[in-house]
$ cat target20.cif   # mmCIF, C-alpha atoms
data_final
#
loop_
_atom_site.group_PDB
_atom_site.id
_atom_site.type_symbol
_atom_site.label_atom_id
_atom_site.label_comp_id
_atom_site.auth_asym_id
_atom_site.auth_seq_id
_atom_site.Cartn_x
_atom_site.Cartn_y
_atom_site.Cartn_z
ATOM 1 C CA MET A 1364 -10.226 8.008 8.974
ATOM 2 C CA THR A 1365 -8.727 7.303 5.550
ATOM 3 C CA PRO A 1366 -4.998 6.489 5.609
ATOM 4 C CA HIS A 1367 -2.665 8.299 3.214
ATOM 5 C CA PRO A 1368 0.906 7.444 2.167
ATOM 6 C CA PHE A 1369 3.570 9.131 4.297
ATOM 7 C CA PHE A 1370 7.342 9.068 4.497
ATOM 8 C CA ILE A 1371 8.843 9.307 7.975
ATOM 9 C CA ALA A 1372 12.450 10.442 7.604
ATOM 10 C CA CYS A 1373 15.296 9.483 9.920
ATOM 11 C CA ALA A 1374 19.081 9.343 10.052
ATOM 12 C CA ARG A 1375 20.956 6.824 7.914
ATOM 13 C CA ASN A 1376 20.888 3.221 9.214
ATOM 14 C CA LEU A 1377 18.066 3.933 11.673
ATOM 15 C CA GLU A 1378 15.348 2.826 9.218
ATOM 16 C CA PRO A 1379 14.698 -0.663 10.723
ATOM 17 C CA MET A 1380 14.710 0.778 14.237
ATOM 18 C CA LEU A 1381 12.236 3.481 13.216
ATOM 19 C CA ALA A 1382 9.970 0.867 11.627
ATOM 20 C CA ALA A 1383 9.968 -1.044 14.923
ATOM 21 C CA GLU A 1384 9.153 2.141 16.852
ATOM 22 C CA LEU A 1385 6.271 2.899 14.493
ATOM 23 C CA ARG A 1386 4.835 -0.565 15.148
ATOM 24 C CA GLU A 1387 4.984 0.204 18.872
ATOM 25 C CA LEU A 1388 2.995 3.375 18.124
ATOM 26 C CA GLY A 1389 0.271 1.343 16.409
ATOM 27 C CA VAL A 1390 1.381 1.822 12.786
ATOM 28 C CA THR A 1391 1.183 -1.390 10.771
ATOM 29 C CA GLY A 1392 2.814 -2.112 7.422
ATOM 30 C CA ALA A 1393 5.786 0.255 7.881
ATOM 31 C CA ARG A 1394 8.323 -0.277 5.080
ATOM 32 C CA PRO A 1395 11.968 0.753 5.682
ATOM 33 C CA GLY A 1396 13.600 2.558 2.748
ATOM 34 C CA HIS A 1397 16.418 5.010 2.064
ATOM 35 C CA LEU A 1398 16.744 7.484 4.946
ATOM 36 C CA GLY A 1399 13.280 6.739 6.260
ATOM 37 C CA VAL A 1400 10.197 4.556 6.416
ATOM 38 C CA GLU A 1401 7.110 4.506 4.210
ATOM 39 C CA ALA A 1402 3.745 3.970 5.902
ATOM 40 C CA ASP A 1403 0.049 4.641 5.370
ATOM 41 C CA LEU A 1404 -1.161 6.848 8.212
ATOM 42 C CA THR A 1405 -4.505 8.182 9.360
ATOM 43 C CA ARG A 1406 -4.679 11.707 10.738
ATOM 44 C CA GLU A 1407 -4.671 10.343 14.283
ATOM 45 C CA GLN A 1408 -1.572 8.263 13.560
ATOM 46 C CA VAL A 1409 0.201 11.275 12.051
ATOM 47 C CA TYR A 1410 -0.408 13.234 15.239
ATOM 48 C CA ARG A 1411 0.809 10.289 17.326
ATOM 49 C CA VAL A 1412 4.021 9.903 15.329
ATOM 50 C CA VAL A 1413 4.822 13.626 15.413
ATOM 51 C CA TYR A 1414 4.139 13.728 19.161
ATOM 52 C CA ALA A 1415 5.749 10.491 20.301
ATOM 53 C CA SER A 1416 8.463 9.314 17.890
ATOM 54 C CA ARG A 1417 11.946 9.639 19.356
ATOM 55 C CA LEU A 1418 13.754 8.523 16.208
ATOM 56 C CA ALA A 1419 12.007 10.375 13.356
ATOM 57 C CA SER A 1420 13.365 13.617 11.942
ATOM 58 C CA ARG A 1421 10.444 14.610 9.658
ATOM 59 C CA VAL A 1422 6.945 13.380 8.855
ATOM 60 C CA LEU A 1423 6.246 13.958 5.165
ATOM 61 C CA ARG A 1424 3.226 13.462 2.931
ATOM 62 C CA PRO A 1425 4.471 13.110 -0.675
ATOM 63 C CA LEU A 1426 2.577 15.179 -3.252
ATOM 64 C CA VAL A 1427 4.422 14.118 -6.413
ATOM 65 C CA SER A 1428 7.556 12.289 -7.535
ATOM 66 C CA PHE A 1429 9.218 12.612 -10.932
ATOM 67 C CA HIS A 1430 12.439 12.250 -12.903
ATOM 68 C CA CYS A 1431 14.369 15.477 -12.408
ATOM 69 C CA PRO A 1432 17.407 15.821 -14.703
ATOM 70 C CA ASP A 1433 17.569 19.646 -14.460
ATOM 71 C CA ASP A 1434 16.102 22.740 -12.813
ATOM 72 C CA ALA A 1435 13.732 23.424 -15.735
ATOM 73 C CA THR A 1436 12.030 20.074 -15.149
ATOM 74 C CA LEU A 1437 11.845 20.780 -11.445
ATOM 75 C CA TYR A 1438 10.127 24.118 -12.096
ATOM 76 C CA GLU A 1439 7.691 22.686 -14.651
ATOM 77 C CA GLU A 1440 6.655 19.712 -12.520
ATOM 78 C CA ALA A 1441 6.254 21.877 -9.433
ATOM 79 C CA ALA A 1442 4.204 24.435 -11.364
ATOM 80 C CA SER A 1443 1.770 21.708 -12.433
ATOM 81 C CA LEU A 1444 0.556 21.124 -8.866
ATOM 82 C CA ASN A 1445 -2.673 22.685 -7.573
ATOM 83 C CA TRP A 1446 -1.078 25.168 -5.190
ATOM 84 C CA GLU A 1447 -4.356 27.085 -4.777
ATOM 85 C CA ALA A 1448 -5.749 24.096 -2.889
ATOM 86 C CA ILE A 1449 -2.607 23.643 -0.803
ATOM 87 C CA LEU A 1450 -1.746 27.250 0.067
ATOM 88 C CA LYS A 1451 -4.824 29.302 0.943
ATOM 89 C CA PRO A 1452 -4.809 33.132 0.673
ATOM 90 C CA GLY A 1453 -2.955 34.844 3.498
ATOM 91 C CA ARG A 1454 -1.011 31.739 4.513
ATOM 92 C CA THR A 1455 2.777 31.684 4.594
ATOM 93 C CA PHE A 1456 5.085 28.902 3.461
ATOM 94 C CA ALA A 1457 8.686 27.764 3.573
ATOM 95 C CA VAL A 1458 10.728 25.326 1.499
ATOM 96 C CA SER A 1459 13.526 23.006 2.596
ATOM 97 C CA ALA A 1460 15.511 20.858 0.177
ATOM 98 C CA SER A 1461 18.195 18.202 0.154
ATOM 99 C CA VAL A 1462 20.045 16.882 -2.886
ATOM 100 C CA ALA A 1463 22.285 13.843 -3.359
ATOM 101 C CA ASP A 1464 23.924 12.174 -6.376
ATOM 102 C CA SER A 1465 21.946 14.293 -8.848
ATOM 103 C CA ALA A 1466 22.471 16.696 -11.743
ATOM 104 C CA ILE A 1467 21.158 19.450 -9.475
ATOM 105 C CA THR A 1468 23.908 19.753 -6.899
ATOM 106 C CA HIS A 1469 22.901 22.758 -4.768
ATOM 107 C CA SER A 1470 20.084 22.237 -2.268
ATOM 108 C CA GLN A 1471 19.424 25.963 -1.762
ATOM 109 C CA TYR A 1472 19.098 26.487 -5.509
ATOM 110 C CA ALA A 1473 16.674 23.549 -5.722
ATOM 111 C CA ALA A 1474 14.591 25.065 -2.908
ATOM 112 C CA LEU A 1475 14.620 28.416 -4.704
ATOM 113 C CA ARG A 1476 13.294 26.869 -7.942
ATOM 114 C CA LEU A 1477 10.456 25.176 -6.061
ATOM 115 C CA LYS A 1478 9.640 28.425 -4.270
ATOM 116 C CA ASP A 1479 9.623 30.290 -7.605
ATOM 117 C CA ALA A 1480 7.171 27.783 -9.082
ATOM 118 C CA VAL A 1481 4.779 28.131 -6.143
ATOM 119 C CA VAL A 1482 4.952 31.922 -6.160
ATOM 120 C CA ASP A 1483 4.517 32.220 -9.939
ATOM 121 C CA VAL A 1484 1.508 29.882 -10.035
ATOM 122 C CA LEU A 1485 -0.312 31.660 -7.220
ATOM 123 C CA ARG A 1486 0.548 35.143 -8.480
ATOM 124 C CA GLU A 1487 -0.893 34.275 -11.892
ATOM 125 C CA ALA A 1488 -3.990 32.635 -10.405
ATOM 126 C CA ARG A 1489 -4.794 35.123 -7.630
ATOM 127 C CA GLY A 1490 -2.797 38.218 -8.451
ATOM 128 C CA ASP A 1491 -0.879 38.286 -5.189
ATOM 129 C CA ARG A 1492 2.405 36.838 -3.989
ATOM 130 C CA PRO A 1493 2.374 34.488 -0.962
ATOM 131 C CA ASP A 1494 4.806 35.364 1.797
ATOM 132 C CA VAL A 1495 7.694 33.179 2.892
ATOM 133 C CA ASP A 1496 8.178 32.649 6.631
ATOM 134 C CA ARG A 1497 11.259 30.543 7.352
ATOM 135 C CA ASP A 1498 10.660 30.345 11.119
ATOM 136 C CA GLU A 1499 6.961 29.591 11.616
ATOM 137 C CA PRO A 1500 5.261 29.054 8.241
ATOM 138 C CA ASP A 1501 1.678 27.861 7.895
ATOM 139 C CA VAL A 1502 2.764 25.345 5.247
ATOM 140 C CA ARG A 1503 6.137 23.601 5.084
ATOM 141 C CA LEU A 1504 7.284 22.080 1.799
ATOM 142 C CA ASP A 1505 10.076 19.537 1.542
ATOM 143 C CA LEU A 1506 12.010 18.724 -1.630
ATOM 144 C CA PHE A 1507 14.223 15.648 -1.815
ATOM 145 C CA ILE A 1508 16.247 14.833 -4.936
ATOM 146 C CA HIS A 1509 18.235 11.604 -5.015
ATOM 147 C CA ARG A 1510 19.792 10.208 -8.184
ATOM 148 C CA ASP A 1511 17.708 12.606 -10.280
ATOM 149 C CA LYS A 1512 14.412 11.496 -8.747
ATOM 150 C CA ALA A 1513 12.580 14.349 -7.036
ATOM 151 C CA VAL A 1514 9.866 14.117 -4.375
ATOM 152 C CA ILE A 1515 7.873 17.159 -3.251
ATOM 153 C CA SER A 1516 6.129 16.662 0.077
ATOM 154 C CA LEU A 1517 4.081 18.475 2.673
ATOM 155 C CA CYS A 1518 5.904 18.491 6.005
ATOM 156 C CA TYR A 1519 3.562 17.609 8.871
ATOM 157 C CA SER A 1520 6.192 18.035 11.574
ATOM 158 C CA PRO A 1521 7.207 21.455 12.926
ATOM 159 C CA GLY A 1522 10.661 21.640 11.421
ATOM 160 C CA VAL A 1523 13.239 19.001 12.288
ATOM 161 C CA MET A 1524 11.911 16.730 15.025
ATOM 162 C CA HIS A 1525 15.261 16.004 16.675
ATOM 163 C CA ARG A 1526 15.227 19.572 18.017
ATOM 164 C CA ARG A 1527 13.188 18.869 21.128
ATOM 165 C CA GLY A 1528 13.461 22.424 22.458
ATOM 166 C CA TYR A 1529 15.061 21.616 25.811
ATOM 167 C CA ARG A 1530 18.572 22.633 24.696
ATOM 168 C CA PRO A 1531 18.801 26.331 23.753
ATOM 169 C CA HIS A 1532 22.604 26.187 24.084
ATOM 170 C CA ALA A 1533 24.892 23.288 23.221
ATOM 171 C CA VAL A 1534 28.495 22.373 22.645
ATOM 172 C CA GLU A 1535 30.206 22.968 19.303
ATOM 173 C CA ALA A 1536 29.271 19.567 17.819
ATOM 174 C CA PRO A 1537 26.176 18.443 19.728
ATOM 175 C CA LEU A 1538 24.723 14.956 19.356
ATOM 176 C CA LYS A 1539 21.309 15.054 17.714
ATOM 177 C CA GLU A 1540 18.535 14.144 20.110
ATOM 178 C CA ASN A 1541 17.087 11.373 17.926
ATOM 179 C CA LEU A 1542 20.543 9.778 17.610
ATOM 180 C CA ALA A 1543 20.899 9.835 21.399
ATOM 181 C CA ALA A 1544 17.507 8.138 21.650
ATOM 182 C CA ALA A 1545 18.687 5.547 19.113
ATOM 183 C CA MET A 1546 21.812 4.860 21.203
ATOM 184 C CA LEU A 1547 19.653 4.204 24.262
ATOM 185 C CA ARG A 1548 17.454 1.897 22.224
ATOM 186 C CA LEU A 1549 20.458 -0.001 20.855
ATOM 187 C CA ALA A 1550 21.833 -0.323 24.384
ATOM 188 C CA GLN A 1551 18.454 -1.787 25.448
ATOM 189 C CA TRP A 1552 18.407 0.487 28.476
ATOM 190 C CA ASP A 1553 15.009 0.257 30.157
ATOM 191 C CA PRO A 1554 14.347 2.392 33.251
ATOM 192 C CA PHE A 1555 11.237 0.350 34.157
ATOM 193 C CA GLU A 1556 12.165 -3.321 33.737
ATOM 194 C CA ARG A 1557 15.923 -3.618 34.259
ATOM 195 C CA LYS A 1558 16.172 -0.457 36.370
ATOM 196 C CA GLU A 1559 19.915 -0.205 35.836
ATOM 197 C CA PRO A 1560 21.534 3.185 36.445
ATOM 198 C CA LEU A 1561 22.687 5.011 33.326
ATOM 199 C CA ARG A 1562 26.232 6.364 33.311
ATOM 200 C CA ASP A 1563 27.294 8.840 30.624
ATOM 201 C CA PHE A 1564 31.033 9.532 30.413
ATOM 202 C CA PHE A 1565 31.059 11.471 27.148
ATOM 203 C CA CYS A 1566 31.220 14.881 28.881
ATOM 204 C CA GLY A 1567 29.244 16.728 26.213
ATOM 205 C CA SER A 1568 26.011 18.664 26.596
ATOM 206 C CA GLY A 1569 24.136 15.830 28.327
ATOM 207 C CA THR A 1570 21.902 14.806 25.419
ATOM 208 C CA ILE A 1571 22.004 11.081 26.230
ATOM 209 C CA LEU A 1572 21.089 11.769 29.853
ATOM 210 C CA LEU A 1573 18.300 14.137 28.861
ATOM 211 C CA GLU A 1574 16.815 11.600 26.447
ATOM 212 C CA ALA A 1575 17.076 8.962 29.170
ATOM 213 C CA ALA A 1576 15.274 11.289 31.569
ATOM 214 C CA MET A 1577 12.471 11.706 29.046
ATOM 215 C CA LEU A 1578 12.190 7.928 28.809
ATOM 216 C CA ALA A 1579 12.199 7.499 32.574
ATOM 217 C CA THR A 1580 9.493 10.134 33.075
ATOM 218 C CA ARG A 1581 7.466 8.894 30.051
ATOM 219 C CA THR A 1582 7.769 12.326 28.437
ATOM 220 C CA PRO A 1583 6.901 12.182 24.721
ATOM 221 C CA ALA A 1584 9.582 13.521 22.405
ATOM 222 C CA GLY A 1585 7.189 16.102 20.987
#
$ encode --input "target20.cif" --output "structure tokens"
Amino acid sequence: MTPHPFFIACARNLEPMLAAELRELGVTGARPGHLGVEADLTREQVYRVVYASRLASRVLRPLVSFHCPDDATLYEEAASLNWEAILKPGRTFAVSASVADSAITHSQYAALRLKDAVVDVLREARGDRPDVDRDEPDVRLDLFIHRDKAVISLCYSPGVMHRRGYRPHAVEAPLKENLAAAMLRLAQWDPFERKEPLRDFFCGSGTILLEAAMLATRTPAG
């Protein structure tokens, strides 16, 4: 299987920890960066990371990166991609975007411009408009703009990976699941070697305890 460049996103300051976790999952050459880790992954490794990583938030395959000083450039660069090969007829898509320290300041507007480019290209090429499905799209696109550098990626993970699915209801400000997993990792709590009981006095929605239970029962995060 041929490896391809991927970006595995995570919360700020968790990059070195995520790189170490990826090595434990059999991924070599992981390179920590800003808000994530770069790595060359085979298809099998992509599946493994999406299924087993407790610290990652998204698994992204970059399609293009470019200098993005304004929304016109964003539209033009996005429209130059071969969307016919990426989005087959009858398939739905969704776009998520995040923006920081850039001339484009509104993430929803940036996502809208990318969506417009995709729709316009496919409508001109095939004569029909692809549908957007925000909940369960066939193709997820991610746009990240930081200091006027834009990256458009395919999202290989089903939405945000910290949402494990075991918590349909939570407190007003719940702790993200991957951050709870990071806290356990930083605490070096090991249910198999040290076998120390875990005590959680935070009185929230039990996220730390639930993540610990997943560790203790060897339940993959995905």
$ closest_residue --input "target20.cif" --among "A:Val1390, A:Met1380, A:Val1462, A:Ala1579" --to "A:Thr1405" --atoms "all atoms listed in the file"
A:Val1390
$ atom_distance --input "target20.cif" --atom1 "atom CA of A:Cys1373" --atom2 "atom CA of A:Glu1439"
28.9 Å
$ atom_distance --input "target20.cif" --atom1 "atom CA of A:Asp1494" --atom2 "atom CA of A:Gly1585"
27.3 Å
$ atom_distance --input "target20.cif" --atom1 "atom CA of A:Ala1480" --atom2 "atom CA of A:Ser1459"
14.1 Å
$ resolve_selection --input "target20.cif" --expression "the PyMOL selection byres ((chain A and resi 1393) around 12)" --output "ChimeraX atom specification"
/A:1368-1371,1378-1392,1394-1396,1399-1404
$ closest_residue --input "target20.cif" --among "A:Lys1539, A:Arg1503, A:Arg1510, A:His1525" --to "A:Thr1455" --atoms "all atoms listed in the file"
A:Arg1503
$ residues_around --input "target20.cif" --residues "A:Val1413" --least-positions-apart "2" --cutoff "9 Å" --atoms "all atoms listed in the file" --output "list in words"
Gln1408, Val1409, Tyr1410, Arg1411, Ala1415, Ser1416, Ala1419, Arg1421, Val1422, Tyr1519, Ser1520, Pro1521, Met1524, Ala1584 and Gly1585 of chain A
$ closest_residue --input "target20.cif" --among "A:Ala1513, A:Leu1504, A:Met1546, A:Leu1418" --to "A:Cys1431" --atoms "all atoms listed in the file"
A:Ala1513
$ closest_residue --input "target20.cif" --among "A:Lys1478, A:Arg1497, A:Arg1486, A:His1509" --to "A:Ser1465" --atoms "only C-alpha atoms"
A:His1509
$ resolve_selection --input "target20.cif" --expression "the PyMOL selection byres ((chain A and resi 1448) around 12)" --output "list of chain:residue names"
A:Leu1444, A:Asn1445, A:Trp1446, A:Glu1447, A:Ile1449, A:Leu1450, A:Lys1451, A:Pro1452, A:Arg1454, A:Val1481, A:Val1484, A:Leu1485, A:Ala1488, A:Val1502
$ write_last_selection --input "target20.cif" --atoms "C-alpha atoms" --output "mmCIF file, keeping the file's coordinate frame"
data_model
loop_
_atom_site.group_PDB
_atom_site.id
_atom_site.type_symbol
_atom_site.label_atom_id
_atom_site.label_comp_id
_atom_site.auth_asym_id
_atom_site.auth_seq_id
_atom_site.Cartn_x
_atom_site.Cartn_y
_atom_site.Cartn_z
ATOM 1 C CA LEU A 1444 0.556 21.124 -8.866
ATOM 2 C CA ASN A 1445 -2.673 22.685 -7.573
ATOM 3 C CA TRP A 1446 -1.078 25.168 -5.190
ATOM 4 C CA GLU A 1447 -4.356 27.085 -4.777
ATOM 5 C CA ILE A 1449 -2.607 23.643 -0.803
ATOM 6 C CA LEU A 1450 -1.746 27.250 0.067
ATOM 7 C CA LYS A 1451 -4.824 29.302 0.943
ATOM 8 C CA PRO A 1452 -4.809 33.132 0.673
ATOM 9 C CA ARG A 1454 -1.011 31.739 4.513
ATOM 10 C CA VAL A 1481 4.779 28.131 -6.143
ATOM 11 C CA VAL A 1484 1.508 29.882 -10.035
ATOM 12 C CA LEU A 1485 -0.312 31.660 -7.220
ATOM 13 C CA ALA A 1488 -3.990 32.635 -10.405
ATOM 14 C CA VAL A 1502 2.764 25.345 5.247
#
